[in-house]
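Dropping my_file.cif in here (mmCIF, C-alpha atoms and all ligand atoms):
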data_final
loop_
_atom_site.group_PDB
_atom_site.id
_atom_site.type_symbol
_atom_site.label_atom_id
_atom_site.label_comp_id
_atom_site.auth_asym_id
_atom_site.auth_seq_id
_atom_site.Cartn_x
_atom_site.Cartn_y
_atom_site.Cartn_z
ATOM 1 C CA MET A 538 -33.199 -25.977 61.825
ATOM 2 C CA SER A 539 -29.681 -25.993 63.150
ATOM 3 C CA THR A 540 -29.172 -28.297 66.136
ATOM 4 C CA ALA A 541 -26.239 -30.013 67.763
ATOM 5 C CA TYR A 542 -26.965 -32.882 65.352
ATOM 6 C CA HIS A 543 -27.246 -30.935 62.128
ATOM 7 C CA ASN A 544 -24.623 -28.569 60.762
ATOM 8 C CA LEU A 545 -26.074 -25.901 58.449
ATOM 9 C CA SER A 546 -23.188 -26.348 56.017
ATOM 10 C CA ASP A 547 -23.524 -30.127 55.676
ATOM 11 C CA TYR A 548 -24.471 -31.309 52.214
ATOM 12 C CA ASN A 549 -23.443 -33.994 49.794
ATOM 13 C CA ILE A 550 -22.071 -32.210 46.716
ATOM 14 C CA GLN A 551 -22.958 -35.259 44.560
ATOM 15 C CA THR A 552 -26.657 -34.658 45.177
ATOM 16 C CA VAL A 553 -26.601 -30.941 44.284
ATOM 17 C CA PRO A 554 -27.519 -30.019 40.685
ATOM 18 C CA ASP A 555 -25.015 -28.020 38.604
ATOM 19 C CA ALA A 556 -25.731 -24.302 38.983
ATOM 20 C CA VAL A 557 -23.772 -23.202 35.893
ATOM 21 C CA HIS A 558 -26.838 -21.911 34.019
ATOM 22 C CA MET A 559 -28.744 -20.623 37.066
ATOM 23 C CA LYS A 560 -29.246 -16.959 38.025
ATOM 24 C CA PHE A 561 -29.509 -15.873 41.641
ATOM 25 C CA GLY A 562 -30.587 -12.725 43.459
ATOM 26 C CA ILE A 563 -29.482 -12.158 47.030
ATOM 27 C CA VAL A 564 -31.034 -9.471 49.254
ATOM 28 C CA VAL A 565 -29.029 -8.888 52.414
ATOM 29 C CA SER A 566 -29.812 -6.769 55.460
ATOM 30 C CA GLU A 567 -27.314 -4.252 56.897
ATOM 31 C CA TRP A 568 -28.455 -4.792 60.513
ATOM 32 C CA ASN A 569 -25.953 -6.972 62.422
ATOM 33 C CA GLU A 570 -23.618 -6.627 59.472
ATOM 34 C CA ASN A 571 -20.933 -8.840 61.041
ATOM 35 C CA ILE A 572 -23.436 -11.697 60.852
ATOM 36 C CA THR A 573 -25.136 -10.903 57.539
ATOM 37 C CA GLY A 574 -21.758 -10.330 55.847
ATOM 38 C CA ALA A 575 -20.702 -13.841 56.926
ATOM 39 C CA LEU A 576 -24.015 -15.283 55.683
ATOM 40 C CA LEU A 577 -23.479 -13.552 52.339
ATOM 41 C CA LYS A 578 -19.933 -14.855 52.038
ATOM 42 C CA GLY A 579 -21.163 -18.401 52.758
ATOM 43 C CA ALA A 580 -23.993 -18.161 50.235
ATOM 44 C CA VAL A 581 -21.850 -16.750 47.405
ATOM 45 C CA ASN A 582 -18.998 -19.220 48.005
ATOM 46 C CA THR A 583 -21.389 -22.164 48.030
ATOM 47 C CA LEU A 584 -23.180 -21.024 44.856
ATOM 48 C CA LYS A 585 -19.818 -20.679 43.102
ATOM 49 C CA LYS A 586 -18.566 -24.026 44.454
ATOM 50 C CA ASN A 587 -21.582 -25.605 42.761
ATOM 51 C CA GLY A 588 -20.980 -23.959 39.393
ATOM 52 C CA ALA A 589 -22.691 -20.539 39.570
ATOM 53 C CA LYS A 590 -20.948 -17.757 37.658
ATOM 54 C CA ASP A 591 -20.126 -14.402 39.289
ATOM 55 C CA GLU A 592 -22.134 -12.518 36.667
ATOM 56 C CA ASN A 593 -25.213 -14.601 37.544
ATOM 57 C CA ILE A 594 -25.240 -13.592 41.208
ATOM 58 C CA ILE A 595 -26.856 -10.204 41.879
ATOM 59 C CA VAL A 596 -26.445 -8.877 45.435
ATOM 60 C CA LYS A 597 -28.476 -5.958 46.837
ATOM 61 C CA THR A 598 -28.542 -4.572 50.363
ATOM 62 C CA VAL A 599 -31.457 -3.213 52.401
ATOM 63 C CA PRO A 600 -31.276 -1.375 55.753
ATOM 64 C CA GLY A 601 -32.904 -3.993 58.002
ATOM 65 C CA SER A 602 -34.545 -7.392 57.951
ATOM 66 C CA PHE A 603 -38.032 -5.914 57.684
ATOM 67 C CA GLU A 604 -37.022 -4.450 54.298
ATOM 68 C CA LEU A 605 -36.093 -7.898 52.974
ATOM 69 C CA ILE A 606 -39.718 -8.442 51.925
ATOM 70 C CA TYR A 607 -39.870 -5.331 49.728
ATOM 71 C CA GLY A 608 -36.328 -5.992 48.496
ATOM 72 C CA ALA A 609 -37.193 -9.518 47.387
ATOM 73 C CA SER A 610 -40.486 -8.402 45.865
ATOM 74 C CA GLU A 611 -38.767 -5.679 43.793
ATOM 75 C CA MET A 612 -36.065 -8.085 42.707
ATOM 76 C CA ILE A 613 -38.706 -10.503 41.458
ATOM 77 C CA LYS A 614 -40.230 -7.698 39.336
ATOM 78 C CA ASN A 615 -37.026 -6.131 38.038
ATOM 79 C CA CYS A 616 -34.299 -8.759 37.826
ATOM 80 C CA GLU A 617 -34.182 -11.833 35.650
ATOM 81 C CA VAL A 618 -33.217 -14.349 38.298
ATOM 82 C CA ASP A 619 -34.299 -17.949 38.914
ATOM 83 C CA ALA A 620 -34.377 -17.733 42.712
ATOM 84 C CA ILE A 621 -33.884 -15.166 45.443
ATOM 85 C CA ILE A 622 -32.151 -15.678 48.776
ATOM 86 C CA ILE A 623 -32.917 -13.281 51.623
ATOM 87 C CA LEU A 624 -30.296 -12.955 54.371
ATOM 88 C CA GLY A 625 -30.881 -11.246 57.694
ATOM 89 C CA SER A 626 -30.141 -11.518 61.388
ATOM 90 C CA VAL A 627 -32.606 -10.498 64.074
ATOM 91 C CA ILE A 628 -31.337 -10.655 67.639
ATOM 92 C CA LYS A 629 -33.699 -10.538 70.592
ATOM 93 C CA GLY A 630 -33.568 -7.354 72.645
ATOM 94 C CA GLU A 631 -35.473 -6.175 75.701
ATOM 95 C CA THR A 632 -38.756 -5.414 73.951
ATOM 96 C CA PRO A 633 -41.211 -7.461 71.853
ATOM 97 C CA HIS A 634 -39.852 -5.757 68.707
ATOM 98 C CA PHE A 635 -37.950 -8.960 67.875
ATOM 99 C CA ASP A 636 -41.191 -10.955 67.686
ATOM 100 C CA TYR A 637 -42.880 -8.456 65.387
ATOM 101 C CA ILE A 638 -39.939 -8.248 62.977
ATOM 102 C CA CYS A 639 -39.476 -12.045 62.885
ATOM 103 C CA MET A 640 -43.187 -12.624 62.358
ATOM 104 C CA GLY A 641 -43.473 -9.869 59.746
ATOM 105 C CA VAL A 642 -40.521 -11.054 57.686
ATOM 106 C CA THR A 643 -41.529 -14.713 57.946
ATOM 107 C CA GLN A 644 -45.110 -14.037 56.861
ATOM 108 C CA GLY A 645 -43.987 -11.640 54.126
ATOM 109 C CA ILE A 646 -41.553 -14.123 52.625
ATOM 110 C CA ALA A 647 -44.081 -16.941 52.935
ATOM 111 C CA ALA A 648 -46.636 -14.799 51.056
ATOM 112 C CA LEU A 649 -44.101 -14.065 48.298
ATOM 113 C CA ASN A 650 -43.420 -17.794 47.934
ATOM 114 C CA ALA A 651 -47.112 -18.522 47.527
ATOM 115 C CA GLU A 652 -47.503 -15.914 44.765
ATOM 116 C CA ALA A 653 -44.187 -15.578 42.956
ATOM 117 C CA LYS A 654 -43.027 -17.512 39.920
ATOM 118 C CA ILE A 655 -39.631 -18.086 41.519
ATOM 119 C CA PRO A 656 -38.672 -19.428 44.941
ATOM 120 C CA VAL A 657 -37.614 -17.057 47.708
ATOM 121 C CA ILE A 658 -35.256 -18.785 50.118
ATOM 122 C CA TYR A 659 -35.523 -17.861 53.787
ATOM 123 C CA GLY A 660 -32.157 -16.994 55.284
ATOM 124 C CA LEU A 661 -33.264 -15.132 58.389
ATOM 125 C CA LEU A 662 -31.415 -15.946 61.605
ATOM 126 C CA THR A 663 -33.683 -15.329 64.588
ATOM 127 C CA THR A 664 -31.557 -15.756 67.686
ATOM 128 C CA LEU A 665 -31.677 -14.951 71.372
ATOM 129 C CA ASP A 666 -28.180 -13.466 71.354
ATOM 130 C CA MET A 667 -25.137 -12.668 69.224
ATOM 131 C CA ALA A 668 -23.354 -15.922 70.168
ATOM 132 C CA GLN A 669 -26.186 -17.997 68.689
ATOM 133 C CA ALA A 670 -26.013 -15.914 65.505
ATOM 134 C CA GLU A 671 -22.230 -16.339 65.273
ATOM 135 C CA ALA A 672 -22.557 -20.109 65.690
ATOM 136 C CA ARG A 673 -24.894 -20.193 62.662
ATOM 137 C CA SER A 674 -22.967 -17.819 60.383
ATOM 138 C CA GLY A 675 -19.718 -19.702 60.046
ATOM 139 C CA GLY A 676 -19.282 -20.929 63.635
ATOM 140 C CA ASN A 677 -19.627 -24.390 65.121
ATOM 141 C CA LEU A 678 -23.115 -24.954 63.685
ATOM 142 C CA GLY A 679 -22.101 -24.045 60.136
ATOM 143 C CA ASN A 680 -23.401 -21.212 57.987
ATOM 144 C CA LYS A 681 -27.042 -20.626 57.096
ATOM 145 C CA GLY A 682 -25.815 -18.850 53.955
ATOM 146 C CA ASP A 683 -24.443 -22.187 52.698
ATOM 147 C CA GLU A 684 -27.737 -23.913 53.474
ATOM 148 C CA CYS A 685 -29.702 -21.231 51.608
ATOM 149 C CA ALA A 686 -27.445 -21.487 48.545
ATOM 150 C CA ILE A 687 -27.981 -25.247 48.319
ATOM 151 C CA THR A 688 -31.714 -24.804 48.835
ATOM 152 C CA ALA A 689 -31.873 -22.188 46.062
ATOM 153 C CA ILE A 690 -30.086 -24.511 43.600
ATOM 154 C CA LYS A 691 -32.351 -27.424 44.492
ATOM 155 C CA MET A 692 -35.506 -25.315 44.173
ATOM 156 C CA ILE A 693 -34.496 -23.983 40.741
ATOM 157 C CA ASP A 694 -33.859 -27.576 39.674
ATOM 158 C CA PHE A 695 -37.275 -28.529 41.093
ATOM 159 C CA SER A 696 -38.918 -25.757 39.094
ATOM 160 C CA CYS A 697 -37.084 -26.805 35.898
ATOM 161 C CA SER A 698 -38.191 -30.409 36.389
ATOM 162 C CA LEU A 699 -41.836 -29.282 36.254
ATOM 163 C CA ASN A 700 -41.440 -26.945 33.287
ATOM 164 C CA ASN A 701 -39.425 -29.175 30.970
HETATM 165 C C1 LIG B 801 -35.367 -1.818 64.507
HETATM 166 C C2 LIG B 801 -34.610 -3.107 64.409
HETATM 167 C C3 LIG B 801 -34.228 -3.795 65.578
HETATM 168 C C4 LIG B 801 -34.554 -3.301 66.952
HETATM 169 N N1 LIG B 801 -33.516 -4.925 65.528
HETATM 170 C C5 LIG B 801 -33.191 -5.430 64.294
HETATM 171 C C6 LIG B 801 -32.435 -6.637 64.204
HETATM 172 O O1 LIG B 801 -32.028 -7.268 65.186
HETATM 173 N N2 LIG B 801 -32.157 -7.092 62.954
HETATM 174 C C7 LIG B 801 -32.573 -6.453 61.810
HETATM 175 O O2 LIG B 801 -32.298 -6.939 60.703
HETATM 176 N N3 LIG B 801 -33.260 -5.310 61.881
HETATM 177 C C8 LIG B 801 -33.572 -4.770 63.086
HETATM 178 N N4 LIG B 801 -34.273 -3.600 63.181
HETATM 179 C C9 LIG B 801 -34.560 -2.849 61.925
HETATM 180 C C10 LIG B 801 -35.829 -3.317 61.201
HETATM 181 O O3 LIG B 801 -35.637 -4.543 60.512
HETATM 182 C C11 LIG B 801 -36.234 -2.249 60.142
HETATM 183 O O4 LIG B 801 -35.130 -1.948 59.350
HETATM 184 C C12 LIG B 801 -36.747 -0.967 60.784
HETATM 185 O O5 LIG B 801 -37.811 -1.231 61.676
HETATM 186 C C13 LIG B 801 -37.231 0.046 59.706
HETATM 187 O O6 LIG B 801 -38.317 -0.505 58.943
#
Give the structure from the file, written as structure tokens.
Amino acid sequence: MSTAYHNLSDYNIQTVPDAVHMKFGIVVSEWNENITGALLKGAVNTLKKNGAKDENIIVKTVPGSFELIYGASEMIKNCEVDAIIILGSVIKGETPHFDYICMGVTQGIAALNAEAKIPVIYGLLTTLDMAQAEARSGGNLGNKGDECAITAIKMIDFSCSLNN
């Protein structure tokens, strides 16, 4: 969780495994594209900073955050990747729609994690307004895309440590 005490982009590069042989899928939502584009930029830059090669990062877009579940599920079936990062931004409006989308995506991604052979990293910003989303997508609280990239690398390394 991002708080005044924790910046989403803070990590110690010495503790992050080398991503040179890792393959990543990223599914990104088109809704609130100014935010999701910044999350994507953060995630890709951080993967590359930690050794990932361009050709090992597959990026696909879906219309909205609700479609991230199907997008990630299809990527698991059809792409040879070691981890998937989902990136979306849901901003509270005047109706309870926000709650249903957030709950649906969260439960869907949690279910995928319980079943899938690879980790699915949860990069969904759920904010009360655009300013909160901006603060977490490259603003004063860092970038959740960076955090997701580091988490993906660490989870692939975790998986390798059990299988080797
Ligand atoms: C419909 C909708 C609304 C109101 N708000 C958002 C949002 O803030 N962020 C987002 O990613 N998607 C939103 N959507 C679209 C839904 O995620 C979904 O694409 C549609 O309900 C179609 O399934």
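Taking CA of Thr598 (chain A) as the reference point, CA of Val565 (chain A) is found at 4.8 Å.
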What are the closest atom pairs, with distances in Å to one decimal, for all residues of chain A lying within 7 Å of ligand LIG 801 (chain B)? Consider all atoms listed in the file, order rows by chain and residue number, and present the result as CSV.
residue,atom,partner,partner_atom,distance
A:Ser566,CA,B:LIG801,O2,5.8
A:Glu567,CA,B:LIG801,O2,6.8
A:Trp568,CA,B:LIG801,O2,4.4
A:Asn569,CA,B:LIG801,N2,6.2
A:Pro600,CA,B:LIG801,O4,5.3
A:Gly601,CA,B:LIG801,O4,3.3
A:Ser602,CA,B:LIG801,O2,3.6
A:Phe603,CA,B:LIG801,O3,4.0
A:Glu604,CA,B:LIG801,O4,5.9
A:Gly625,CA,B:LIG801,O2,5.4
A:Ser626,CA,B:LIG801,O2,5.1
A:Val627,CA,B:LIG801,O1,3.5
A:Ile628,CA,B:LIG801,O1,4.2
A:Lys629,CA,B:LIG801,O1,6.5
A:His634,CA,B:LIG801,C4,6.1
A:Phe635,CA,B:LIG801,N1,6.4
A:Ile638,CA,B:LIG801,O3,6.2
Query raised in the report: Using only C-alpha atoms, which residue out of A:Asn587, A:Thr632, A:Asn593, A:Gln644 lies closest to Asp683 (chain A)?
Result: A:Asn587
Query raised in the report: Written as a PyMOL selection string, which residues does the PyMOL selection byres (((chain A and resi 645-658) around 6) and not hetatm) give for the file shown?
Result: chain A and resi 606+619-622+641-644+659
Requested in this report: Could you please determine the separation between CA of Phe561 (chain A) and CA of Asn615 (chain A) in Å, to one decimal place?
Outcome: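 Answer for the CA of Phe561 (chain A) to CA of Asn615 (chain A) separation: 12.8 Å.
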Requested in this report: Could you tell me which residues the PyMOL selection byres (((chain A and resi 574-585) around 8) and not hetatm) grabs in this file, written as a list in words?
Outcome: Ala556, Val565, Glu570, Asn571, Ile572, Thr573, Lys586, Asn587, Gly588, Ala589, Lys590, Asp591, Ile594, Leu624, Ser674, Gly675, Asn680, Lys681, Gly682, Asp683, Glu684, Cys685, Ala686, Ile687 and Ile690 of chain A
Requested in this report: Let me know the residues the PyMOL selection byres (((chain A and resi 554) around 7) and not hetatm) catches in the file above, as a PyMOL selection string.
Outcome: chain A and resi 552-553+555-556+690-691+694
Report task. Work out how far apart CA of Val618 (chain A) and CA of Ile595 (chain A) are and give it in Å to one decimal. Result ->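 Computed distance, CA of Val618 (chain A) to CA of Ile595 (chain A), equals 8.4 Å.
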Report task. Rank nothing, just name the residue among A:Gly630, A:Gly608, A:Gly660, A:Gly676 nearest to Val564 (chain A), using only C-alpha atoms. Result -> A:Gly608
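In terms of minimum interatomic distance to Met692 (chain A), A:Met559 ranks closest within A:Ile613, A:Asn544, A:Ile550, A:Met559, counting all atoms listed in the file.
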Requested in this report: Extract, using only C-alpha atoms, all DNA, RNA and protein residues at most 7 Å from Leu678 (chain A), discarding same-chain residues fewer than 5 positions from it, and format them as a list in words.
Outcome: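 These residues fall inside the cut-off: Ser539, Asn544, Leu545, Ala672 and Arg673 of chain A.
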